[in-house]
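File shown: run20.cif (mmCIF, C-alpha atoms).
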```
data_target
loop_
_atom_site.label_atom_id
_atom_site.label_comp_id
_atom_site.auth_asym_id
_atom_site.auth_seq_id
_atom_site.Cartn_x
_atom_site.Cartn_y
_atom_site.Cartn_z
CA MET I 48 85.66 78.23 102.46
CA ASN I 49 84.99 77.45 106.13
CA GLU I 50 82.35 79.53 107.80
CA ARG I 51 83.38 81.19 111.01
CA HIS I 52 81.47 81.30 114.29
CA PHE I 53 81.92 83.28 117.50
CA ASP I 54 83.56 80.21 119.09
CA ASP I 55 86.42 80.35 116.57
CA LEU I 56 87.55 83.81 117.69
CA ASN I 57 89.80 84.92 120.51
CA ALA I 58 91.14 88.27 121.62
CA GLY I 59 94.42 88.89 119.82
CA ASP I 60 93.49 87.00 116.62
CA ARG I 61 94.47 88.81 113.43
CA PHE I 62 93.24 88.43 109.89
CA LYS I 63 94.45 89.97 106.64
CA SER I 64 92.17 90.51 103.65
CA GLU I 65 92.86 90.11 99.97
CA PRO I 66 93.77 93.33 98.13
CA LEU I 67 91.11 95.48 96.43
CA ILE I 68 91.90 97.91 93.59
CA VAL I 69 90.07 101.25 93.72
CA THR I 70 89.01 102.26 90.21
CA GLU I 71 88.30 105.83 89.14
CA LYS I 72 84.97 104.73 87.67
CA GLU I 73 83.72 103.18 90.93
CA LEU I 74 85.04 106.09 92.99
CA ILE I 75 83.08 108.61 90.89
CA GLU I 76 79.99 106.37 90.78
CA PHE I 77 79.88 106.15 94.57
CA ALA I 78 80.32 109.92 94.88
CA HIS I 79 77.45 110.65 92.49
CA LYS I 80 75.14 108.44 94.54
CA PHE I 81 76.21 109.30 98.06
CA ASP I 82 78.81 112.07 98.40
CA PRO I 83 78.54 114.56 95.52
CA GLN I 84 81.39 116.91 96.46
CA MET I 85 83.85 118.27 93.93
CA PHE I 86 86.94 116.40 95.19
CA HIS I 87 85.07 113.10 94.64
CA LEU I 88 83.18 113.79 91.40
CA SER I 89 85.52 114.56 88.52
CA ARG I 90 89.25 114.61 87.91
CA ARG I 91 89.18 118.11 86.44
CA ARG I 92 87.26 119.73 89.28
CA ALA I 93 89.18 117.80 91.94
CA GLU I 94 92.48 119.20 90.67
CA ARG I 95 91.43 122.67 91.82
CA THR I 96 90.72 121.52 95.39
CA ILE I 97 92.95 121.18 98.44
CA PHE I 98 93.54 117.52 97.48
CA LYS I 99 94.97 118.38 94.02
CA GLY I 100 93.14 115.44 92.49
CA LEU I 101 90.35 112.94 92.80
CA ILE I 102 89.91 111.20 96.17
CA ALA I 103 87.42 108.60 97.37
CA SER I 104 84.62 109.50 99.78
CA GLY I 105 85.45 108.32 103.29
CA TRP I 106 82.14 106.43 103.20
CA HIS I 107 83.30 104.63 100.07
CA THR I 108 86.50 103.62 101.88
CA ALA I 109 84.36 102.43 104.80
CA ALA I 110 82.15 100.41 102.44
CA MET I 111 85.15 98.84 100.65
CA THR I 112 86.60 97.99 104.07
CA MET I 113 83.34 96.24 104.99
CA ARG I 114 83.49 94.23 101.76
CA LEU I 115 87.01 93.02 102.50
CA PHE I 116 86.20 92.32 106.17
CA VAL I 117 83.05 90.29 105.33
CA LYS I 118 84.95 88.24 102.76
CA THR I 119 87.90 87.56 105.05
CA LEU I 120 86.02 86.67 108.23
CA ASN I 121 83.20 84.81 106.41
CA PHE I 122 80.85 84.58 109.39
CA ALA I 123 78.20 81.85 109.34
CA GLU I 124 74.88 83.73 109.07
CA GLY I 125 76.71 87.06 108.99
CA ALA I 126 77.95 89.62 111.49
CA ILE I 127 75.46 92.15 112.83
CA GLY I 128 77.07 95.56 113.30
CA LEU I 129 76.26 97.06 116.70
CA GLY I 130 78.22 100.26 116.28
CA VAL I 131 81.44 101.92 115.21
CA ASP I 132 83.80 104.22 117.09
CA GLU I 133 86.79 106.30 116.08
CA LEU I 134 86.32 106.05 112.32
CA ARG I 135 89.23 108.05 110.85
CA TRP I 136 90.70 108.66 107.39
CA PRO I 137 94.34 109.71 107.91
CA ASN I 138 95.33 109.48 104.22
CA ALA I 139 93.25 110.09 101.09
CA VAL I 140 92.35 107.13 98.84
CA ARG I 141 92.99 107.82 95.15
CA PRO I 142 92.15 105.98 91.91
CA GLY I 143 94.51 103.04 91.37
CA ASP I 144 95.17 102.57 95.09
CA VAL I 145 95.16 98.99 96.35
CA LEU I 146 93.50 98.56 99.73
CA THR I 147 93.99 95.76 102.26
CA VAL I 148 92.21 95.39 105.60
CA GLU I 149 93.82 93.96 108.72
CA THR I 150 91.36 92.91 111.41
CA GLU I 151 92.32 92.43 115.04
CA ILE I 152 89.90 90.85 117.52
CA LEU I 153 90.16 92.95 120.67
CA ASP I 154 87.57 91.16 122.78
CA ALA I 155 85.12 88.28 122.45
CA ARG I 156 82.36 87.50 124.98
CA PRO I 157 79.05 85.61 124.89
CA SER I 158 75.93 87.77 124.52
CA ARG I 159 73.96 88.13 127.75
CA SER I 160 70.64 88.81 126.07
CA ARG I 161 70.93 86.37 123.12
CA PRO I 162 72.37 82.95 124.07
CA GLY I 163 72.89 81.97 120.41
CA TYR I 164 75.31 84.84 119.84
CA GLY I 165 78.59 86.34 120.94
CA ILE I 166 79.81 89.94 120.86
CA ILE I 167 83.18 90.77 119.36
CA ARG I 168 85.07 94.03 119.53
CA LEU I 169 87.48 94.55 116.66
CA ARG I 170 89.83 97.03 115.02
CA ASN I 171 89.93 97.30 111.23
CA LEU I 172 92.99 98.94 109.73
CA THR I 173 92.77 99.77 106.02
CA THR I 174 96.10 100.42 104.30
CA ASN I 175 97.16 101.23 100.74
CA GLN I 176 99.94 99.77 98.56
CA ARG I 177 102.49 102.06 100.27
CA ASP I 178 101.43 100.85 103.75
CA GLU I 179 99.89 104.25 104.47
CA VAL I 180 96.81 104.09 106.68
CA ALA I 181 93.67 105.00 104.71
CA GLN I 182 91.20 104.24 107.50
CA THR I 183 91.06 103.11 111.12
CA MET I 184 87.97 102.05 113.04
CA LEU I 185 86.78 100.21 116.12
CA ALA I 186 83.55 98.24 115.96
CA ASN I 187 81.31 95.91 117.91
CA ALA I 188 79.49 93.11 116.14
CA MET I 189 77.18 90.26 117.12
CA VAL I 190 78.06 86.90 115.56
CA PRO I 191 76.38 83.47 115.88
CA ARG I 192 77.77 80.76 118.15
CA ARG I 193 78.37 77.28 116.81
CA ASN I 194 75.81 74.56 117.67
CA ASN I 195 73.30 77.12 118.76
CA ALA I 196 71.50 77.39 115.46
CA ARG I 197 68.51 75.41 116.75
CA ARG I 198 68.11 77.72 119.70
CA GLN I 199 67.61 80.65 117.37
CA ASP I 200 64.12 81.55 116.32
CA HIS I 201 64.34 80.64 112.65
CA MET F 249 70.76 127.43 96.25
CA ASN F 250 73.10 129.44 98.48
CA GLU F 251 76.44 127.87 99.21
CA ARG F 252 77.32 127.68 102.86
CA HIS F 253 80.64 128.61 104.48
CA PHE F 254 82.08 128.06 107.95
CA ASP F 255 81.14 131.64 108.85
CA ASP F 256 77.44 130.87 108.38
CA LEU F 257 77.41 128.23 111.13
CA ASN F 258 77.02 128.52 114.87
CA ALA F 259 76.79 125.99 117.67
CA GLY F 260 73.14 125.11 118.16
CA ASP F 261 72.13 125.53 114.50
CA ARG F 262 69.86 122.77 113.21
CA PHE F 263 69.09 121.65 109.67
CA LYS F 264 66.60 119.13 108.34
CA SER F 265 67.08 117.28 105.06
CA GLU F 266 64.59 116.33 102.40
CA PRO F 267 63.25 112.76 102.65
CA LEU F 268 64.90 109.85 100.80
CA ILE F 269 63.05 106.64 99.91
CA VAL F 270 65.05 103.41 100.35
CA THR F 271 64.29 101.05 97.46
CA GLU F 272 64.75 97.27 97.63
CA LYS F 273 66.75 97.38 94.40
CA GLU F 274 69.28 99.91 95.71
CA LEU F 275 69.48 98.15 99.08
CA ILE F 276 70.39 94.83 97.41
CA GLU F 277 72.75 96.51 94.92
CA PHE F 278 74.73 98.14 97.74
CA ALA F 279 74.91 94.83 99.62
CA HIS F 280 76.25 92.95 96.59
CA LYS F 281 79.02 95.51 96.19
CA PHE F 282 79.97 96.17 99.79
CA ASP F 283 78.21 94.03 102.40
CA PRO F 284 77.24 90.62 100.97
CA GLN F 285 75.54 89.13 104.01
CA MET F 286 72.30 87.18 103.82
CA PHE F 287 70.09 89.69 105.63
CA HIS F 288 71.06 92.33 103.02
CA LEU F 289 71.11 90.27 99.82
CA SER F 290 67.74 88.70 99.05
CA ARG F 291 64.24 88.84 100.48
CA ARG F 292 63.93 85.06 100.62
CA ARG F 293 67.18 84.44 102.47
CA ALA F 294 66.67 87.43 104.75
CA GLU F 295 63.34 86.02 105.97
CA ARG F 296 65.18 83.14 107.64
CA THR F 297 67.47 85.46 109.63
CA ILE F 298 67.07 87.16 113.00
CA PHE F 299 65.70 90.23 111.15
CA LYS F 300 62.82 88.27 109.51
CA GLY F 301 63.29 90.24 106.30
CA LEU F 302 65.59 92.35 104.20
CA ILE F 303 67.48 95.18 105.94
CA ALA F 304 69.95 97.75 104.63
CA SER F 305 73.65 97.54 105.42
CA GLY F 306 74.59 100.02 108.13
CA TRP F 307 77.17 101.38 105.68
CA HIS F 308 74.41 101.98 103.16
CA THR F 309 72.47 103.93 105.79
CA ALA F 310 75.65 105.91 106.53
CA ALA F 311 76.14 106.63 102.81
CA MET F 312 72.50 107.73 102.35
CA THR F 313 72.87 109.95 105.41
CA MET F 314 75.94 111.56 103.82
CA ARG F 315 73.99 112.22 100.63
CA LEU F 316 71.21 113.98 102.54
CA PHE F 317 73.68 115.91 104.71
CA VAL F 318 75.72 117.13 101.70
CA LYS F 319 72.59 118.26 99.88
CA THR F 320 71.15 120.05 102.91
CA LEU F 321 74.26 121.88 104.09
CA ASN F 322 75.55 122.61 100.56
CA PHE F 323 79.06 123.69 101.59
CA ALA F 324 81.02 125.89 99.20
CA GLU F 325 83.93 123.69 98.02
CA GLY F 326 82.67 120.81 100.14
CA ALA F 327 83.13 119.51 103.66
CA ILE F 328 86.21 117.43 104.41
CA GLY F 329 85.45 114.64 106.88
CA LEU F 330 87.99 114.46 109.67
CA GLY F 331 86.47 111.58 111.55
CA VAL F 332 83.34 109.99 112.96
CA ASP F 333 82.51 108.83 116.49
CA GLU F 334 79.65 106.86 117.96
CA LEU F 335 78.14 105.63 114.71
CA ARG F 336 75.11 103.52 115.80
CA TRP F 337 72.19 101.81 114.08
CA PRO F 338 69.44 101.44 116.73
CA ASN F 339 66.70 100.37 114.26
CA ALA F 340 66.98 98.42 111.01
CA VAL F 341 66.30 100.17 107.70
CA ARG F 342 63.95 98.22 105.40
CA PRO F 343 62.85 98.61 101.78
CA GLY F 344 60.27 101.37 101.43
CA ASP F 345 61.50 103.26 104.48
CA VAL F 346 61.75 107.03 104.09
CA LEU F 347 64.84 108.53 105.74
CA THR F 348 65.40 112.10 106.89
CA VAL F 349 68.55 113.52 108.46
CA GLU F 350 68.61 116.17 111.15
CA THR F 351 71.95 117.89 111.60
CA GLU F 352 72.91 119.81 114.72
CA ILE F 353 76.06 121.94 114.84
CA LEU F 354 77.65 121.22 118.21
CA ASP F 355 80.74 123.38 117.86
CA ALA F 356 82.38 125.67 115.29
CA ARG F 357 85.92 127.03 115.57
CA PRO F 358 88.53 128.38 113.12
CA SER F 359 91.23 125.91 112.09
CA ARG F 360 94.59 126.58 113.74
CA SER F 361 96.67 124.97 111.01
CA ARG F 362 94.68 126.15 107.96
CA PRO F 363 93.55 129.78 108.11
CA GLY F 364 91.14 129.38 105.16
CA TYR F 365 89.09 126.79 107.03
CA GLY F 366 87.00 126.19 110.11
CA ILE F 367 86.29 122.96 112.01
CA ILE F 368 82.74 122.00 112.86
CA ARG F 369 81.55 119.25 115.17
CA LEU F 370 78.09 117.96 114.35
CA ARG F 371 75.52 115.32 115.19
CA ASN F 372 73.56 113.65 112.40
CA LEU F 373 70.35 111.89 113.39
CA THR F 374 68.75 109.71 110.72
CA THR F 375 65.10 108.82 111.30
CA ASN F 376 62.50 106.85 109.36
CA GLN F 377 58.87 107.65 108.52
CA ARG F 378 57.78 106.45 111.99
CA ASP F 379 60.31 108.76 113.71
CA GLU F 380 62.36 105.75 114.78
CA VAL F 381 66.10 106.41 114.88
CA ALA F 382 67.90 104.50 112.12
CA GLN F 383 71.33 105.99 112.75
CA THR F 384 73.15 108.37 115.07
CA MET F 385 76.66 109.74 114.60
CA LEU F 386 79.02 112.47 115.72
CA ALA F 387 81.51 113.87 113.22
CA ASN F 388 84.17 116.52 112.73
CA ALA F 389 84.53 118.23 109.38
CA MET F 390 86.70 120.97 107.88
CA VAL F 391 84.80 123.57 105.85
CA PRO F 392 86.04 126.67 103.96
CA ARG F 393 85.69 130.18 105.42
CA ARG F 394 84.14 132.93 103.36
CA ASN F 395 86.46 135.48 101.71
CA ASN F 396 89.44 133.25 102.28
CA ALA F 397 89.39 131.55 98.92
CA ARG F 398 92.39 133.55 97.70
CA ARG F 399 94.46 132.52 100.69
CA GLN F 400 94.07 128.89 99.72
CA ASP F 401 96.65 127.30 97.49
CA HIS F 402 94.53 126.81 94.39
#
```

Taking this structure as input, can you express it in the form of structure tokens?
Amino acid sequence: MNERHFDDLNAGDRFKSEPLIVTEKELIEFAHKFDPQMFHLSRRRAERTIFKGLIASGWHTAAMTMRLFVKTLNFAEGAIGLGVDELRWPNAVRPGDVLTVETEILDARPSRSRPGYGIIRLRNLTTNQRDEVAQTMLANAMVPRRNNARRQDH
Amino acid sequence: MNERHFDDLNAGDRFKSEPLIVTEKELIEFAHKFDPQMFHLSRRRAERTIFKGLIASGWHTAAMTMRLFVKTLNFAEGAIGLGVDELRWPNAVRPGDVLTVETEILDARPSRSRPGYGIIRLRNLTTNQRDEVAQTMLANAMVPRRNNARRQDH
């Protein structure tokens, strides 16, 4: 698979990830480690909550979104997250859901402080198999420029 | 441990979590599952990157922050995340770091659409053992009111 650099990206570019199936086992595992609340932990207890069943932690959805984004964009040397804005979870993610991430590049400009890098602003939209929006977010990331590898300090 | 309700919270309240040690094993495990980039995956490969060593995925830091927040606030029936703003990672998290989360309640108001709940706005500040800021975030969450359990539909 071709590795992507800052120079390959332009505002308006769109990318679509492969699908990812959310399993009940992984959903509960994540919750036990990071978000031990009753609507994430067990089917039985979740049925008595406002959600009427097990739902994924929003942070699990965010992490799965990152996995799909990283795989789809495949940045050479990786993308360094600078920050995230407007992270929202409009619809709950449930076991068996199939998530896909659509990435839109909103802006791309060379870094002022690091000549070997560019800064991209992007929107990631995570949807389920019914095209319902599971997560929206805006983010800024620093990604390496092509041909500038030797100017970097490694 | 006492369970907390919306009614227990006021703007200006502050809470401090217990410390959490970040292990290299868990850092790498998270990266393999959710953020497979070279500065998160192996010590050897990470040494050749801009970070000169292994660092945690920002999403891992966010997930660990959630774990500490959930344990500290201990909401009755849980806190339902409505959204996050200004999620930032000013300093990298490395293996062996010890994270603590300080939560400040910025605002607390009853929910207009759901009488059994209140909406809180909060800031979570995640710091390491040197008091460097590893993560900042603002969030809105929906939490149950006391004595309103019977008004809820479960």

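Among the candidate residues I:Arg192, I:Arg156, I:Arg161, I:Arg135, the one lying nearest to Thr173 (chain I) is I:Arg135, with distances computed using all atoms listed in the file.
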
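Applied to the file shown here, the PyMOL selection byres ((chain I and resi 67) around 7) selects I:Glu65, I:Pro66, I:Ile68, I:Val69, I:Val145, I:Leu146, I:Thr147.
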
Quick check: residues of chain F within 7 Å of chain I, all atoms listed in the file, returned as an mmCIF file with C-alpha atoms, in the frame of the given file.
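Output file iface_38.cif follows:
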```
data_model
loop_
_atom_site.group_PDB
_atom_site.id
_atom_site.type_symbol
_atom_site.label_atom_id
_atom_site.label_comp_id
_atom_site.auth_asym_id
_atom_site.auth_seq_id
_atom_site.Cartn_x
_atom_site.Cartn_y
_atom_site.Cartn_z
ATOM 1 C CA PHE F 282 79.970 96.170 99.790
ATOM 2 C CA ASP F 283 78.210 94.030 102.400
ATOM 3 C CA GLN F 285 75.540 89.130 104.010
ATOM 4 C CA MET F 286 72.300 87.180 103.820
ATOM 5 C CA ARG F 296 65.180 83.140 107.640
ATOM 6 C CA THR F 297 67.470 85.460 109.630
ATOM 7 C CA TRP F 307 77.170 101.380 105.680
ATOM 8 C CA ALA F 311 76.140 106.630 102.810
ATOM 9 C CA MET F 312 72.500 107.730 102.350
ATOM 10 C CA MET F 314 75.940 111.560 103.820
ATOM 11 C CA ARG F 315 73.990 112.220 100.630
ATOM 12 C CA VAL F 318 75.720 117.130 101.700
ATOM 13 C CA GLU F 325 83.930 123.690 98.020
ATOM 14 C CA GLY F 326 82.670 120.810 100.140
ATOM 15 C CA LEU F 330 87.990 114.460 109.670
ATOM 16 C CA GLY F 331 86.470 111.580 111.550
ATOM 17 C CA VAL F 332 83.340 109.990 112.960
ATOM 18 C CA ASP F 333 82.510 108.830 116.490
ATOM 19 C CA GLU F 334 79.650 106.860 117.960
ATOM 20 C CA LEU F 335 78.140 105.630 114.710
ATOM 21 C CA ARG F 336 75.110 103.520 115.800
ATOM 22 C CA TRP F 337 72.190 101.810 114.080
ATOM 23 C CA HIS F 402 94.530 126.810 94.390
#
```

- Message: If I take CA of Asn258 (chain F) and CA of Val349 (chain F), how far is one from the other in Å, to one decimal?
- Response: 18.4 Å

Just fit chain I onto chain F on all the Cα atoms, in order, by least squares, and give it as an mmCIF file with C-alpha atoms, in the coordinates of the input.
```cif
data_model
loop_
_atom_site.group_PDB
_atom_site.id
_atom_site.type_symbol
_atom_site.label_atom_id
_atom_site.label_comp_id
_atom_site.auth_asym_id
_atom_site.auth_seq_id
_atom_site.Cartn_x
_atom_site.Cartn_y
_atom_site.Cartn_z
ATOM 1 C CA MET I 48 70.774 127.418 96.237
ATOM 2 C CA ASN I 49 73.112 129.448 98.459
ATOM 3 C CA GLU I 50 76.438 127.882 99.214
ATOM 4 C CA ARG I 51 77.347 127.676 102.855
ATOM 5 C CA HIS I 52 80.647 128.607 104.485
ATOM 6 C CA PHE I 53 82.088 128.045 107.954
ATOM 7 C CA ASP I 54 81.154 131.644 108.857
ATOM 8 C CA ASP I 55 77.449 130.871 108.390
ATOM 9 C CA LEU I 56 77.412 128.232 111.135
ATOM 10 C CA ASN I 57 77.020 128.515 114.878
ATOM 11 C CA ALA I 58 76.786 125.996 117.680
ATOM 12 C CA GLY I 59 73.133 125.098 118.164
ATOM 13 C CA ASP I 60 72.119 125.530 114.495
ATOM 14 C CA ARG I 61 69.866 122.767 113.191
ATOM 15 C CA PHE I 62 69.099 121.649 109.677
ATOM 16 C CA LYS I 63 66.590 119.136 108.340
ATOM 17 C CA SER I 64 67.098 117.268 105.072
ATOM 18 C CA GLU I 65 64.611 116.321 102.407
ATOM 19 C CA PRO I 66 63.248 112.763 102.649
ATOM 20 C CA LEU I 67 64.902 109.859 100.801
ATOM 21 C CA ILE I 68 63.054 106.637 99.907
ATOM 22 C CA VAL I 69 65.045 103.417 100.348
ATOM 23 C CA THR I 70 64.295 101.051 97.467
ATOM 24 C CA GLU I 71 64.745 97.287 97.625
ATOM 25 C CA LYS I 72 66.744 97.388 94.391
ATOM 26 C CA GLU I 73 69.292 99.909 95.712
ATOM 27 C CA LEU I 74 69.506 98.151 99.076
ATOM 28 C CA ILE I 75 70.399 94.830 97.408
ATOM 29 C CA GLU I 76 72.755 96.519 94.923
ATOM 30 C CA PHE I 77 74.733 98.139 97.731
ATOM 31 C CA ALA I 78 74.913 94.835 99.616
ATOM 32 C CA HIS I 79 76.249 92.954 96.589
ATOM 33 C CA LYS I 80 79.026 95.513 96.187
ATOM 34 C CA PHE I 81 79.972 96.164 99.786
ATOM 35 C CA ASP I 82 78.208 94.023 102.404
ATOM 36 C CA PRO I 83 77.256 90.617 100.969
ATOM 37 C CA GLN I 84 75.535 89.115 104.020
ATOM 38 C CA MET I 85 72.297 87.173 103.804
ATOM 39 C CA PHE I 86 70.082 89.700 105.633
ATOM 40 C CA HIS I 87 71.057 92.328 103.019
ATOM 41 C CA LEU I 88 71.121 90.268 99.810
ATOM 42 C CA SER I 89 67.747 88.724 99.038
ATOM 43 C CA ARG I 90 64.247 88.848 100.460
ATOM 44 C CA ARG I 91 63.940 85.066 100.602
ATOM 45 C CA ARG I 92 67.188 84.441 102.456
ATOM 46 C CA ALA I 93 66.675 87.426 104.761
ATOM 47 C CA GLU I 94 63.355 86.012 105.963
ATOM 48 C CA ARG I 95 65.203 83.141 107.638
ATOM 49 C CA THR I 96 67.486 85.470 109.622
ATOM 50 C CA ILE I 97 67.073 87.172 112.987
ATOM 51 C CA PHE I 98 65.694 90.240 111.157
ATOM 52 C CA LYS I 99 62.818 88.297 109.510
ATOM 53 C CA GLY I 100 63.304 90.228 106.291
ATOM 54 C CA LEU I 101 65.587 92.346 104.185
ATOM 55 C CA ILE I 102 67.475 95.171 105.927
ATOM 56 C CA ALA I 103 69.937 97.749 104.626
ATOM 57 C CA SER I 104 73.647 97.530 105.430
ATOM 58 C CA GLY I 105 74.576 100.028 108.132
ATOM 59 C CA TRP I 106 77.168 101.378 105.683
ATOM 60 C CA HIS I 107 74.406 101.978 103.154
ATOM 61 C CA THR I 108 72.465 103.932 105.790
ATOM 62 C CA ALA I 109 75.643 105.899 106.535
ATOM 63 C CA ALA I 110 76.136 106.631 102.826
ATOM 64 C CA MET I 111 72.495 107.721 102.351
ATOM 65 C CA THR I 112 72.882 109.948 105.419
ATOM 66 C CA MET I 113 75.954 111.556 103.833
ATOM 67 C CA ARG I 114 73.986 112.203 100.639
ATOM 68 C CA LEU I 115 71.211 113.972 102.529
ATOM 69 C CA PHE I 116 73.678 115.914 104.710
ATOM 70 C CA VAL I 117 75.740 117.127 101.706
ATOM 71 C CA LYS I 118 72.599 118.247 99.891
ATOM 72 C CA THR I 119 71.150 120.052 102.899
ATOM 73 C CA LEU I 120 74.267 121.869 104.089
ATOM 74 C CA ASN I 121 75.572 122.591 100.554
ATOM 75 C CA PHE I 122 79.062 123.675 101.601
ATOM 76 C CA ALA I 123 81.019 125.884 99.199
ATOM 77 C CA GLU I 124 83.930 123.697 98.028
ATOM 78 C CA GLY I 125 82.675 120.799 100.143
ATOM 79 C CA ALA I 126 83.143 119.520 103.677
ATOM 80 C CA ILE I 127 86.222 117.432 104.421
ATOM 81 C CA GLY I 128 85.441 114.644 106.883
ATOM 82 C CA LEU I 129 88.006 114.460 109.685
ATOM 83 C CA GLY I 130 86.455 111.568 111.552
ATOM 84 C CA VAL I 131 83.332 109.982 112.967
ATOM 85 C CA ASP I 132 82.499 108.828 116.483
ATOM 86 C CA GLU I 133 79.648 106.854 117.987
ATOM 87 C CA LEU I 134 78.132 105.616 114.733
ATOM 88 C CA ARG I 135 75.110 103.533 115.809
ATOM 89 C CA TRP I 136 72.173 101.824 114.089
ATOM 90 C CA PRO I 137 69.425 101.444 116.721
ATOM 91 C CA ASN I 138 66.695 100.370 114.263
ATOM 92 C CA ALA I 139 66.968 98.406 111.014
ATOM 93 C CA VAL I 140 66.292 100.183 107.694
ATOM 94 C CA ARG I 141 63.960 98.225 105.408
ATOM 95 C CA PRO I 142 62.854 98.606 101.772
ATOM 96 C CA GLY I 143 60.245 101.360 101.430
ATOM 97 C CA ASP I 144 61.501 103.266 104.477
ATOM 98 C CA VAL I 145 61.763 107.033 104.101
ATOM 99 C CA LEU I 146 64.841 108.526 105.731
ATOM 100 C CA THR I 147 65.396 112.109 106.888
ATOM 101 C CA VAL I 148 68.564 113.518 108.450
ATOM 102 C CA GLU I 149 68.601 116.183 111.146
ATOM 103 C CA THR I 150 71.953 117.900 111.603
ATOM 104 C CA GLU I 151 72.905 119.813 114.727
ATOM 105 C CA ILE I 152 76.061 121.943 114.842
ATOM 106 C CA LEU I 153 77.646 121.227 118.214
ATOM 107 C CA ASP I 154 80.739 123.392 117.876
ATOM 108 C CA ALA I 155 82.367 125.655 115.300
ATOM 109 C CA ARG I 156 85.924 127.031 115.584
ATOM 110 C CA PRO I 157 88.516 128.381 113.135
ATOM 111 C CA SER I 158 91.235 125.920 112.093
ATOM 112 C CA ARG I 159 94.589 126.597 113.749
ATOM 113 C CA SER I 160 96.663 124.982 111.029
ATOM 114 C CA ARG I 161 94.669 126.145 107.961
ATOM 115 C CA PRO I 162 93.548 129.803 108.133
ATOM 116 C CA GLY I 163 91.156 129.380 105.179
ATOM 117 C CA TYR I 164 89.100 126.784 107.037
ATOM 118 C CA GLY I 165 87.000 126.171 110.108
ATOM 119 C CA ILE I 166 86.297 122.959 112.018
ATOM 120 C CA ILE I 167 82.741 121.991 112.861
ATOM 121 C CA ARG I 168 81.553 119.259 115.174
ATOM 122 C CA LEU I 169 78.097 117.956 114.352
ATOM 123 C CA ARG I 170 75.521 115.308 115.195
ATOM 124 C CA ASN I 171 73.556 113.640 112.400
ATOM 125 C CA LEU I 172 70.352 111.894 113.393
ATOM 126 C CA THR I 173 68.762 109.707 110.711
ATOM 127 C CA THR I 174 65.110 108.817 111.294
ATOM 128 C CA ASN I 175 62.495 106.843 109.365
ATOM 129 C CA GLN I 176 58.859 107.662 108.518
ATOM 130 C CA ARG I 177 57.777 106.473 111.995
ATOM 131 C CA ASP I 178 60.308 108.785 113.710
ATOM 132 C CA GLU I 179 62.353 105.764 114.778
ATOM 133 C CA VAL I 180 66.090 106.415 114.887
ATOM 134 C CA ALA I 181 67.888 104.498 112.119
ATOM 135 C CA GLN I 182 71.329 105.985 112.758
ATOM 136 C CA THR I 183 73.151 108.375 115.076
ATOM 137 C CA MET I 184 76.654 109.744 114.614
ATOM 138 C CA LEU I 185 79.028 112.470 115.715
ATOM 139 C CA ALA I 186 81.508 113.876 113.223
ATOM 140 C CA ASN I 187 84.162 116.515 112.732
ATOM 141 C CA ALA I 188 84.534 118.229 109.384
ATOM 142 C CA MET I 189 86.704 120.973 107.908
ATOM 143 C CA VAL I 190 84.807 123.569 105.870
ATOM 144 C CA PRO I 191 86.043 126.665 103.979
ATOM 145 C CA ARG I 192 85.705 130.164 105.421
ATOM 146 C CA ARG I 193 84.146 132.924 103.368
ATOM 147 C CA ASN I 194 86.484 135.476 101.722
ATOM 148 C CA ASN I 195 89.458 133.263 102.273
ATOM 149 C CA ALA I 196 89.369 131.577 98.903
ATOM 150 C CA ARG I 197 92.372 133.565 97.655
ATOM 151 C CA ARG I 198 94.445 132.510 100.619
ATOM 152 C CA GLN I 199 94.014 128.882 99.661
ATOM 153 C CA ASP I 200 96.574 127.284 97.429
ATOM 154 C CA HIS I 201 94.441 126.761 94.343
#
```

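If you measure from each of I:Ala155, I:Ile75, I:Glu149, I:Val140 to Thr119 (chain I) using all atoms listed in the file, the closest one turns out to be I:Glu149.
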
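One finds CA of Ser359 (chain F) at 19.2 Å from CA of Leu321 (chain F).
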
Please put the answer as JSON: centre and edge lengths, in Å with one decimal, of a box along x, y and z that encloses all listed atoms of region 370-378 of chain F plus 8 Å on each side.
```
{"center_x": 67.9, "center_y": 112.2, "center_z": 111.9, "size_x": 36.3, "size_y": 27.5, "size_z": 22.7}
```

Which residues would end up in the selection if the PyMOL selection byres ((chain F and resi 254) around 8) were applied here, given that I need the answer as a short mmCIF file (atom, residue, chain, number, x, y, z; two decimals) with C-alpha atoms, keeping the file's coordinate frame?
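Here's the written file part.cif:
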```cif
data_model
loop_
_atom_site.label_atom_id
_atom_site.label_comp_id
_atom_site.auth_asym_id
_atom_site.auth_seq_id
_atom_site.Cartn_x
_atom_site.Cartn_y
_atom_site.Cartn_z
CA ARG F 252 77.32 127.68 102.86
CA HIS F 253 80.64 128.61 104.48
CA ASP F 255 81.14 131.64 108.85
CA ASP F 256 77.44 130.87 108.38
CA LEU F 257 77.41 128.23 111.13
CA ALA F 356 82.38 125.67 115.29
CA TYR F 365 89.09 126.79 107.03
CA GLY F 366 87.00 126.19 110.11
CA ILE F 367 86.29 122.96 112.01
CA ILE F 368 82.74 122.00 112.86
CA VAL F 391 84.80 123.57 105.85
CA PRO F 392 86.04 126.67 103.96
CA ARG F 393 85.69 130.18 105.42
CA ARG F 394 84.14 132.93 103.36
#
```

- Message: Residues near Leu370 (chain F), anyone? I mean within 7 Å using only C-alpha atoms, not counting same-chain ones fewer than 4 positions away, as a list in words.
- Response: Thr351, Glu352, Ile353, Leu354, Asp355, Leu386, Ala387 and Asn388 of chain F

Same residues, C-alpha atoms, output as an mmCIF file, in the coordinates of the input:
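Result file follows (result-v1.cif):
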```
data_model
loop_
_atom_site.group_PDB
_atom_site.id
_atom_site.type_symbol
_atom_site.label_atom_id
_atom_site.label_comp_id
_atom_site.auth_asym_id
_atom_site.auth_seq_id
_atom_site.Cartn_x
_atom_site.Cartn_y
_atom_site.Cartn_z
ATOM 1 C CA THR F 351 71.950 117.890 111.600
ATOM 2 C CA GLU F 352 72.910 119.810 114.720
ATOM 3 C CA ILE F 353 76.060 121.940 114.840
ATOM 4 C CA LEU F 354 77.650 121.220 118.210
ATOM 5 C CA ASP F 355 80.740 123.380 117.860
ATOM 6 C CA LEU F 386 79.020 112.470 115.720
ATOM 7 C CA ALA F 387 81.510 113.870 113.220
ATOM 8 C CA ASN F 388 84.170 116.520 112.730
#
```
